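Asks: Contents of entry_14.csv (CSV, C-alpha atoms and all ligand atoms):
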chain,number,residue,atom,x,y,z
C,126,MET,CA,0.0,0.0,0.0
C,127,LEU,CA,2.8,2.5,1.0
C,128,ARG,CA,6.3,2.8,-0.3
C,129,LEU,CA,9.3,4.6,1.1
C,130,THR,CA,10.9,6.8,-1.5
C,131,LYS,CA,13.5,9.6,-1.6
C,132,ASN,CA,10.6,12.0,-1.2
C,133,GLY,CA,9.2,10.2,1.8
C,134,ILE,CA,6.1,8.0,2.1
C,135,PHE,CA,4.3,7.4,-1.2
C,136,CYS,CA,1.1,5.6,-2.1
C,137,PRO,CA,1.5,4.2,-5.6
C,138,LYS,CA,-2.1,3.3,-6.2
C,139,GLY,CA,-3.4,6.6,-4.9
C,140,ASP,CA,-0.5,8.6,-6.4
C,141,PHE,CA,0.0,10.8,-3.4
C,142,PHE,CA,2.7,11.4,-0.8
C,143,ILE,CA,2.5,11.9,3.0
C,144,ASP,CA,4.6,14.6,4.6
C,145,ALA,CA,6.8,14.7,1.5
C,146,THR,CA,10.2,16.3,1.0
C,147,GLY,CA,11.3,17.8,-2.3
C,148,LYS,CA,8.7,18.6,-4.9
C,149,VAL,CA,5.7,16.4,-5.5
C,150,GLU,CA,2.3,16.7,-7.2
C,151,ARG,CA,0.1,15.7,-4.3
C,152,ASN,CA,1.1,15.8,-0.7
C,153,ILE,CA,-1.0,15.0,2.4
C,154,VAL,CA,0.3,16.8,5.4
C,155,THR,CA,-0.2,15.6,9.0
C,156,HIS,CA,0.5,19.0,10.7
C,157,ALA,CA,2.2,22.4,10.3
C,158,HIS,CA,5.6,21.7,11.9
C,159,SER,CA,8.4,22.4,9.5
C,160,ASP,CA,9.8,18.8,9.5
C,161,HIS,CA,6.4,17.6,8.2
C,162,ALA,CA,5.0,20.5,6.2
C,163,ARG,CA,7.5,21.6,3.6
C,164,PRO,CA,7.3,24.2,0.8
C,165,GLY,CA,7.4,23.6,-2.9
C,166,HIS,CA,4.7,21.0,-3.5
C,167,LYS,CA,2.1,21.4,-6.2
C,168,SER,CA,-0.9,20.6,-4.0
C,169,TYR,CA,-1.5,19.9,-0.4
C,170,LEU,CA,-4.3,18.1,1.4
C,171,THR,CA,-4.7,18.7,5.1
C,172,CYS,CA,-7.1,19.0,8.0
C,173,LYS,CA,-9.4,22.0,8.1
C,174,SER,CA,-7.9,23.4,11.3
C,175,SER,CA,-4.3,22.9,10.1
C,176,ALA,CA,-4.8,24.8,6.8
C,177,PRO,CA,-4.6,28.3,8.2
C,178,LEU,CA,-1.3,27.4,10.0
C,179,LEU,CA,0.0,25.8,6.8
C,180,ARG,CA,-0.8,29.0,4.8
C,181,SER,CA,0.8,31.1,7.4
C,182,ARG,CA,4.0,29.1,7.3
C,183,LEU,CA,4.3,28.2,3.6
C,184,GLY,CA,2.6,31.2,2.0
C,185,LYS,CA,-1.0,32.3,1.3
C,186,ASN,CA,-0.9,31.1,-2.3
C,187,ILE,CA,-0.2,27.4,-1.8
C,188,ASN,CA,-2.8,25.1,-3.2
C,189,VAL,CA,-4.5,23.5,-0.3
C,190,GLN,CA,-7.5,21.1,-0.2
C,191,ILE,CA,-9.1,20.7,3.2
C,192,ILE,CA,-11.1,18.0,4.8
C,193,ASP,CA,-12.6,17.5,8.3
C,194,TYR,CA,-11.5,14.8,10.7
C,195,ASN,CA,-13.2,11.5,9.8
C,196,GLU,CA,-14.4,12.7,6.4
C,197,ILE,CA,-13.6,10.1,3.7
C,198,LEU,CA,-12.1,11.1,0.4
C,199,SER,CA,-11.4,8.8,-2.5
C,200,ILE,CA,-8.1,9.5,-4.3
C,201,ASN,CA,-7.6,7.2,-7.4
C,202,GLY,CA,-9.7,4.5,-5.7
C,203,VAL,CA,-7.8,4.7,-2.4
C,204,LYS,CA,-9.9,5.8,0.6
C,205,VAL,CA,-8.2,8.6,2.7
C,206,SER,CA,-9.3,10.1,6.0
C,207,LEU,CA,-7.7,12.2,8.7
C,208,HIS,CA,-8.0,11.5,12.4
C,209,PRO,CA,-7.0,13.6,15.5
C,210,ALA,CA,-3.4,13.1,16.6
C,211,GLY,CA,-3.6,15.3,19.7
C,212,HIS,CA,-0.1,16.6,18.9
C,213,ILE,CA,-0.7,20.3,18.1
C,214,TYR,CA,-3.6,22.3,16.8
C,215,GLY,CA,-5.0,20.7,13.6
C,216,SER,CA,-2.6,17.7,13.7
C,217,ALA,CA,-3.9,14.5,12.1
C,218,GLN,CA,-3.1,10.8,11.6
C,219,ILE,CA,-3.7,9.7,8.0
C,220,LYS,CA,-5.7,6.6,7.3
C,221,VAL,CA,-5.4,4.9,3.9
C,222,SER,CA,-7.6,2.0,2.8
C,223,SER,CA,-7.7,-0.1,-0.3
C,224,SER,CA,-8.6,-3.7,-1.2
C,225,GLY,CA,-9.7,-4.5,2.3
C,226,GLU,CA,-6.4,-3.3,3.9
C,227,THR,CA,-5.9,-0.3,6.1
C,228,TRP,CA,-2.7,1.5,7.0
C,229,VAL,CA,-2.4,4.5,9.4
C,230,PHE,CA,0.4,7.0,9.3
C,231,SER,CA,0.6,8.6,12.8
C,232,GLY,CA,2.6,11.8,12.2
C,233,ASP,CA,3.5,13.1,15.6
C,234,TYR,CA,1.1,12.4,18.4
C,235,LYS,CA,0.5,12.5,22.1
C,236,LEU,CA,-2.2,10.9,24.3
C,237,GLU,CA,-2.9,13.7,26.8
C,238,ASP,CA,-5.7,16.2,26.1
C,239,ASP,CA,-4.0,19.6,26.0
C,240,HIS,CA,-7.4,21.4,25.7
C,241,LEU,CA,-6.5,23.0,22.5
C,242,SER,CA,-6.0,20.3,19.9
C,243,VAL,CA,-8.6,17.6,19.3
C,244,PRO,CA,-7.5,14.6,21.5
C,245,PHE,CA,-5.8,11.6,19.9
C,246,GLU,CA,-8.1,8.9,18.6
C,247,PRO,CA,-6.8,5.4,18.1
C,248,VAL,CA,-7.6,4.1,14.6
C,249,LYS,CA,-7.9,0.4,13.9
C,250,CYS,CA,-5.6,-0.7,11.1
C,251,ASN,CA,-3.5,-3.6,9.7
C,252,VAL,CA,-0.3,-1.6,9.6
C,253,PHE,CA,0.6,1.3,11.8
C,254,LEU,CA,3.4,3.7,11.0
C,255,SER,CA,4.4,5.2,14.3
C,256,GLU,CA,6.7,8.1,15.3
C,257,CYS,CA,8.9,7.3,18.4
C,258,THR,CA,10.7,10.5,19.2
C,259,PHE,CA,10.7,9.5,22.9
C,260,GLY,CA,10.7,5.7,22.4
C,261,LEU,CA,12.8,4.8,25.4
C,262,PRO,CA,11.4,3.5,28.8
C,263,VAL,CA,13.2,6.4,30.6
C,264,TYR,CA,10.7,8.8,29.1
C,265,SER,CA,7.6,8.8,31.3
C,266,TRP,CA,5.7,12.0,31.5
C,267,PRO,CA,4.4,13.3,34.9
C,268,ASP,CA,0.8,14.4,35.0
C,269,GLN,CA,0.6,17.6,32.9
C,270,HIS,CA,-1.4,19.4,35.6
C,271,LEU,CA,1.5,19.0,38.0
C,272,ILE,CA,3.7,20.6,35.4
C,273,TYR,CA,1.4,23.6,34.9
C,274,GLU,CA,1.4,24.0,38.7
C,275,GLN,CA,5.2,24.0,38.7
C,276,ILE,CA,5.2,26.7,36.0
C,277,ASN,CA,2.6,28.8,38.0
C,278,ASP,CA,4.7,28.5,41.2
C,279,TRP,CA,8.0,29.4,39.5
C,280,TRP,CA,6.3,32.4,37.8
C,281,SER,CA,4.6,33.6,41.1
C,282,PHE,CA,7.8,33.3,43.1
C,283,ASN,CA,9.8,35.2,40.5
C,284,LYS,CA,7.1,37.9,40.4
C,285,SER,CA,7.3,38.3,44.2
C,286,GLU,CA,11.0,38.9,43.8
C,287,GLY,CA,10.7,41.4,41.0
C,288,ILE,CA,12.2,38.9,38.5
C,289,THR,CA,10.9,38.5,35.0
C,290,SER,CA,10.2,34.9,33.9
C,291,ILE,CA,11.1,33.6,30.3
C,292,LEU,CA,9.8,30.2,29.3
C,293,PHE,CA,11.1,28.7,26.1
C,294,GLY,CA,8.9,26.4,24.1
C,295,TYR,CA,8.3,25.8,20.3
C,296,SER,CA,6.4,28.7,18.8
C,297,LEU,CA,3.7,26.4,17.4
C,298,GLY,CA,2.2,23.9,19.7
C,299,LYS,CA,4.1,24.0,23.0
C,300,SER,CA,3.7,27.8,23.5
C,301,GLN,CA,-0.1,27.7,22.9
C,302,ARG,CA,-0.5,24.6,25.2
C,303,ILE,CA,1.3,26.5,28.0
C,304,ILE,CA,-0.8,29.7,27.4
C,305,LYS,CA,-4.0,27.7,27.5
C,306,ASN,CA,-3.2,25.9,30.7
C,307,ILE,CA,-1.4,28.2,33.1
C,308,ASP,CA,-3.0,30.5,35.7
C,309,HIS,CA,-3.5,33.9,34.0
C,310,SER,CA,-4.6,35.5,37.3
C,311,ILE,CA,-0.9,35.7,38.3
C,312,GLY,CA,-0.3,38.4,35.7
C,313,PRO,CA,-0.1,39.3,32.1
C,314,VAL,CA,1.6,36.9,29.6
C,315,TYR,CA,3.9,38.3,27.0
C,316,VAL,CA,4.9,36.4,23.9
C,317,HIS,CA,7.7,36.6,21.3
C,318,LYS,CA,6.4,37.8,17.9
C,319,THR,CA,6.8,34.3,16.4
C,320,VAL,CA,4.5,32.9,19.1
C,321,GLY,CA,2.1,35.8,18.8
C,322,LYS,CA,1.8,35.1,15.0
C,323,MET,CA,0.8,31.5,15.6
C,324,ASN,CA,-1.6,32.6,18.5
C,325,ASP,CA,-3.4,35.0,16.1
C,326,VAL,CA,-3.7,32.3,13.4
C,327,ILE,CA,-5.5,29.8,15.6
C,328,ARG,CA,-7.6,32.5,17.4
C,329,ARG,CA,-8.9,33.5,13.9
C,330,ASP,CA,-9.7,29.9,13.3
C,331,GLY,CA,-11.8,29.8,16.5
C,332,ALA,CA,-9.4,28.5,19.1
C,333,ASN,CA,-10.2,29.6,22.6
C,334,LEU,CA,-6.8,30.9,23.7
C,335,PRO,CA,-6.4,33.3,26.6
C,336,ASP,CA,-5.1,36.9,25.8
C,337,THR,CA,-1.4,37.5,25.4
C,338,ILE,CA,0.6,40.6,24.7
C,339,THR,CA,3.2,40.5,21.8
C,340,LEU,CA,6.5,41.7,23.1
C,341,ASP,CA,7.9,44.8,21.4
C,342,GLU,CA,11.4,44.3,20.1
C,343,ASN,CA,12.4,47.5,22.0
C,344,ALA,CA,10.6,46.5,25.3
C,345,ASN,CA,12.5,47.6,28.4
C,346,ALA,CA,13.0,45.6,31.6
C,347,ASN,CA,10.6,47.8,33.6
C,348,GLU,CA,7.7,47.2,31.3
C,349,VAL,CA,7.8,43.4,31.6
C,350,LYS,CA,9.2,43.2,35.2
C,351,GLY,CA,7.7,40.3,37.1
C,352,ASN,CA,5.7,39.0,34.1
C,353,LEU,CA,5.9,35.9,32.1
C,354,ILE,CA,7.3,35.9,28.6
C,355,ILE,CA,6.9,32.8,26.3
C,356,ALA,CA,9.5,32.6,23.5
C,357,PRO,CA,10.9,30.0,21.1
C,358,PRO,CA,14.1,28.1,22.2
C,359,SER,CA,16.0,29.7,19.2
C,360,ILE,CA,16.3,33.0,21.0
C,361,THR,CA,17.8,31.7,24.3
C,362,SER,CA,20.9,33.9,23.7
C,363,HIS,CA,19.3,36.7,21.7
C,364,ARG,CA,20.1,40.3,22.7
C,365,LEU,CA,16.4,40.9,23.3
C,366,ILE,CA,16.8,38.8,26.5
C,367,HIS,CA,19.9,40.4,27.9
C,368,GLY,CA,18.1,43.7,28.2
C,369,LEU,CA,15.3,42.3,30.4
C,370,SER,CA,17.2,41.2,33.5
C,371,PRO,CA,16.7,40.4,36.3
C,372,LEU,CA,15.5,37.2,34.7
C,373,SER,CA,14.8,33.6,35.4
C,374,THR,CA,14.9,31.3,32.3
C,375,ALA,CA,13.2,27.9,31.8
C,376,MET,CA,12.7,25.3,29.1
C,377,ALA,CA,9.5,23.3,28.6
C,378,SER,CA,10.4,20.0,26.8
C,379,GLY,CA,10.3,16.3,27.0
C,380,TRP,CA,14.1,16.3,26.8
C,381,VAL,CA,14.2,17.9,30.2
C,382,GLN,CA,13.5,14.5,31.7
C,383,THR,CA,17.0,13.2,30.7
C,384,GLY,CA,18.7,16.6,31.1
C,385,LYS,CA,19.4,16.7,27.4
C,386,TYR,CA,18.4,20.2,26.9
C,387,PHE,CA,20.4,21.7,29.7
C,388,GLY,CA,23.6,20.7,27.9
C,389,ARG,CA,22.7,22.7,24.8
C,390,SER,CA,21.2,25.9,26.3
C,391,LYS,CA,21.8,27.5,29.6
C,392,VAL,CA,18.5,27.8,31.4
C,393,ASP,CA,17.8,28.1,35.1
C,394,LYS,CA,15.0,25.6,35.2
C,395,GLY,CA,13.3,22.8,33.2
C,396,PHE,CA,9.7,21.6,33.0
C,397,ILE,CA,8.9,18.1,31.6
C,398,LEU,CA,6.3,18.9,29.0
C,399,SER,CA,6.2,17.2,25.6
C,400,ASP,CA,3.7,17.1,22.7
C,401,HIS,CA,4.9,13.6,21.8
C,402,ALA,CA,3.9,10.3,23.4
C,403,ASP,CA,6.2,8.9,26.1
C,404,TRP,CA,7.2,5.2,26.1
C,405,ASN,CA,4.0,4.0,27.7
C,406,GLY,CA,2.0,6.3,25.5
C,407,LEU,CA,3.5,4.8,22.4
C,408,ILE,CA,2.9,1.3,23.5
C,409,LYS,CA,-0.7,2.1,24.5
C,410,ALA,CA,-1.4,3.8,21.2
C,411,ILE,CA,0.1,1.0,19.2
C,412,LYS,CA,-1.9,-1.7,21.0
C,413,GLU,CA,-5.1,0.2,20.5
C,414,THR,CA,-4.7,0.2,16.8
C,415,ASN,CA,-4.8,-3.6,16.8
C,416,ALA,CA,-2.2,-3.5,14.0
C,417,GLU,CA,-0.6,-6.7,12.9
C,418,ARG,CA,2.5,-4.9,11.9
C,419,VAL,CA,4.1,-1.7,13.1
C,420,ILE,CA,6.7,0.4,11.3
C,421,THR,CA,8.6,2.7,13.5
C,422,MET,CA,10.2,6.0,12.4
C,423,HIS,CA,11.6,9.3,13.7
C,424,GLY,CA,13.4,8.7,17.0
C,425,TYR,CA,14.4,5.7,19.1
C,426,THR,CA,13.2,3.2,16.4
C,427,GLU,CA,15.6,0.4,17.3
C,428,GLU,CA,14.5,0.1,21.0
C,429,LEU,CA,10.8,0.3,20.3
C,430,THR,CA,11.0,-2.2,17.4
C,431,ARG,CA,12.9,-4.6,19.5
C,432,TRP,CA,10.4,-4.3,22.3
C,433,LEU,CA,7.4,-4.9,19.9
C,434,ASN,CA,9.0,-7.9,18.3
C,435,ASP,CA,9.8,-9.4,21.7
C,436,SER,CA,6.2,-8.8,22.6
C,437,GLY,CA,4.8,-10.6,19.6
C,438,ILE,CA,3.9,-7.6,17.5
C,439,GLU,CA,5.8,-7.7,14.1
C,440,SER,CA,7.8,-4.5,13.7
C,441,MET,CA,10.4,-3.0,11.5
C,442,GLU,CA,12.1,0.4,11.7
C,443,ILE,CA,12.7,2.8,8.8
C,444,ASP,CA,15.2,5.6,8.4
C,445,MET,CA,13.7,8.4,6.3
C,446,LEU,CA,17.1,10.0,5.9
C,447,LYS,CA,18.8,7.1,4.2
C,448,HIS,CA,16.7,7.7,1.1
C,449,ARG,CA,16.3,4.1,0.1
C,450,SER,CA,13.2,3.1,-1.9
C,451,PHE,CA,11.2,0.0,-1.1
C,452,ASP,CA,7.7,-1.3,-0.5
C,453,LEU,CA,6.8,-1.2,3.2
H,501,ZN,ZN,5.3,17.9,15.2
H,502,ZN,ZN,7.9,15.8,13.9
As structure tokens - that is how I would like this structure written.

Replies:
Amino acid sequence: MLRLTKNGIFCPKGDFFIDATGKVERNIVTHAHSDHARPGHKSYLTCKSSAPLLRSRLGKNINVQIIDYNEILSINGVKVSLHPAGHIYGSAQIKVSSSGETWVFSGDYKLEDDHLSVPFEPVKCNVFLSECTFGLPVYSWPDQHLIYEQINDWWSFNKSEGITSILFGYSLGKSQRIIKNIDHSIGPVYVHKTVGKMNDVIRRDGANLPDTITLDENANANEVKGNLIIAPPSITSHRLIHGLSPLSTAMASGWVQTGKYFGRSKVDKGFILSDHADWNGLIKAIKETNAERVITMHGYTEELTRWLNDSGIESMEIDMLKHRSFDL
């Protein structure tokens, strides 16, 4: 049904790609993160709530066809539908059925309800292609509400000391999840312009996201003193930040659990918060699909594949970066 090619996953019968690289005619996109939604394709198919994000990131003039979650489309005789992945706003798994066989391509997913994206729905299938970014048993997420409380406490304490709090998280997904779930009665929440742009896109699409103030490039320390600023990790050493001290910096990421992030960027504090499934989440999701065969990709494929095979679920790993072509 699906084939790995140099441009990514391809369905020969339906003549379409999924999260393709390079330039292809027809590309189905799981979600608007840049490692999945790439520019240059002739036409895109994506979930209705993902389309405004896709246009915002790839340009207004891209050719996008939209469908709702669970709506079935026939492409050259292959049935295609999109199902909630719970990863970020508008994210989808892609179900492909033909000749009595069903395959599901997970894209990125998580099982917790972040109150912003439609929660993950397991989809029954014969073959499941699963991401496994955090496919090691050491990754086991604490209850997300505990993490939001830790963020609130850190911010409140800093505020009482006259210190400004900067929390780093991806501009699309993590930032909005934090904004949605923290306690806004503590004070105003400022956002870096890249986060503000994504906030505006999903608000226009109808998302119920609390108010934020987009940080002016020339903001001075007094203006934001004691408040919370949410910014992408890419600006951890940006000059914007140096002018805002006294500061406390923090990172919200799944990598915090193994301290991986602290090596790369100097932050004062870490919060374990990921938009990907942890080890137990991956296994739960995989089992719920009832798949006879699981193809692992993106992340700790070797470990998860070995565990699945040892547990009696046939599994193989693929490396998208090796650019080899074969039927899956
Ligand atoms: Zn993603
Ligand atoms: Zn990804």

Asks: I'd like the contact shell of Leu198 of chain C - 12 Å cut-off, all atoms listed in the file, skipping same-chain residues fewer than 2 positions apart - returned as an mmCIF file with C-alpha atoms, in the coordinates of the input.

Replies:
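What ended up in around.cif:
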data_model
loop_
_atom_site.group_PDB
_atom_site.id
_atom_site.type_symbol
_atom_site.label_atom_id
_atom_site.label_comp_id
_atom_site.auth_asym_id
_atom_site.auth_seq_id
_atom_site.Cartn_x
_atom_site.Cartn_y
_atom_site.Cartn_z
ATOM 1 C CA GLY C 139 -3.400 6.600 -4.900
ATOM 2 C CA ILE C 153 -1.000 15.000 2.400
ATOM 3 C CA LEU C 170 -4.300 18.100 1.400
ATOM 4 C CA THR C 171 -4.700 18.700 5.100
ATOM 5 C CA GLN C 190 -7.500 21.100 -0.200
ATOM 6 C CA ILE C 191 -9.100 20.700 3.200
ATOM 7 C CA ILE C 192 -11.100 18.000 4.800
ATOM 8 C CA ASP C 193 -12.600 17.500 8.300
ATOM 9 C CA TYR C 194 -11.500 14.800 10.700
ATOM 10 C CA ASN C 195 -13.200 11.500 9.800
ATOM 11 C CA GLU C 196 -14.400 12.700 6.400
ATOM 12 C CA ILE C 200 -8.100 9.500 -4.300
ATOM 13 C CA ASN C 201 -7.600 7.200 -7.400
ATOM 14 C CA GLY C 202 -9.700 4.500 -5.700
ATOM 15 C CA VAL C 203 -7.800 4.700 -2.400
ATOM 16 C CA LYS C 204 -9.900 5.800 0.600
ATOM 17 C CA VAL C 205 -8.200 8.600 2.700
ATOM 18 C CA SER C 206 -9.300 10.100 6.000
ATOM 19 C CA LEU C 207 -7.700 12.200 8.700
ATOM 20 C CA ILE C 219 -3.700 9.700 8.000
ATOM 21 C CA LYS C 220 -5.700 6.600 7.300
ATOM 22 C CA VAL C 221 -5.400 4.900 3.900
ATOM 23 C CA SER C 222 -7.600 2.000 2.800
#

Asks: Would you list the contacts of segment 234-244 of chain C as number ranges by chain, taking every protein, DNA or RNA residue within 9 Å and counting all atoms listed in the file, but skipping same-chain residues closer than 5 positions in sequence?

Replies: C: 209-218, 255-256, 269, 298, 301-303, 305-306, 332-334, 399-403, 406-407, 409-410

Asks: Calculated over only C-alpha atoms and all ligand atoms, which of the candidates C:Asn186, C:Ser199, C:Thr258, C:Thr421 has the smallest distance to ligand ZN 502 (chain H)?

Replies: C:Thr258

Asks: Could the residues that lie within 7 Å of ligand ZN 501 (chain H), counting only C-alpha atoms and all ligand atoms, be listed as a list of chain:residue names?

Replies: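 Every residue with an atom at most 7 Å from ligand ZN 501 (chain H) is listed here: C:His156, C:His158, C:His212, C:Asp233.
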
Asks: What is the distance, in Å and to one decimal place, between atom CA of Ala162 of chain C and atom CA of Asp144 of chain C?

Replies: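 Those two atoms sit 6.1 Å apart.
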
Asks: Please indicate the distance in Å from atom CA of Ser373 of chain C to atom CA of Gly351 of chain C, rounded to one decimal place.

Replies: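 Separating atom CA of Ser373 of chain C from atom CA of Gly351 of chain C is a distance of 9.9 Å.
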
Asks: Select, from C:Cys136, C:Leu369, C:Val154, C:Ile360, the residue with the minimum atom-to-atom distance to ligand ZN 502 (chain H), counting only C-alpha atoms and all ligand atoms.

Replies: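 Checking each of C:Cys136, C:Leu369, C:Val154, C:Ile360 against ligand ZN 502 (chain H), counting only C-alpha atoms and all ligand atoms, the winner is C:Val154.
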
Asks: Restricting the calculation to only C-alpha atoms, which member of C:Ile272, C:Leu254, C:Met376, C:Val320 is positioned closest to Trp228 of chain C?

Replies: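 Of C:Ile272, C:Leu254, C:Met376, C:Val320, the one nearest Trp228 of chain C is C:Leu254, counting only C-alpha atoms.
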
Asks: Identify which of the residues C:Ile311, C:Ala356, C:Leu179, C:Met422 lies closest to ligand ZN 502 (chain H), counting only C-alpha atoms and all ligand atoms when measuring atom-to-atom distances.

Replies: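 Under the stated criterion, the closest residue is C:Met422.
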
Asks: Do you have the atom CA of Ile411 of chain C-atom CA of Gly424 of chain C distance handy?

Replies: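 Atom-to-atom, atom CA of Ile411 of chain C and atom CA of Gly424 of chain C are spaced 15.5 Å apart.
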
Asks: Pick out the residues sitting within 10 Å of Ile397 of chain C, and hand them over as a ChimeraX atom specification; count only C-alpha atoms, and ignore anything fewer than 3 positions along from it in its own chain.

Replies: /C:264-269,271-273,275,376-384

Asks: Go through C:Leu297, C:Leu372, C:Ile197, C:Ile408 one by one, measure the shortest atom-to-atom distance of each to ligand ZN 502 (chain H) using only C-alpha atoms and all ligand atoms, and give the residue with the smallest value.

Replies: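 Ranked by minimum distance to ligand ZN 502 (chain H), first place goes to C:Leu297.
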
Asks: Out of C:Ala145, C:Ala344, C:Leu446, C:Leu178, which residue has the shortest atom-to-atom distance to Arg163 of chain C when counting all atoms listed in the file?

Replies: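 Closest to Arg163 of chain C of all the choices is C:Ala145.
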
Asks: Find the residues around Thr130 of chain C up to 9 Å (only C-alpha atoms counted), leave out those fewer than 2 positions away in its own chain, and share them as a ChimeraX atom specification.

Replies: /C:128,132-135,445,448-452

Asks: With a distance cut-off of 9 Å and all atoms listed in the file, select the neighbouring residues of Glu427 of chain C, excluding the residue or stretch itself and same-chain residues fewer than 5 positions from it, and output the selection as a list of chain:residue names.

Replies: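 Close residues of Glu427 of chain C: C:Gly260, C:Thr421, C:Trp432, C:Met441, C:Glu442.
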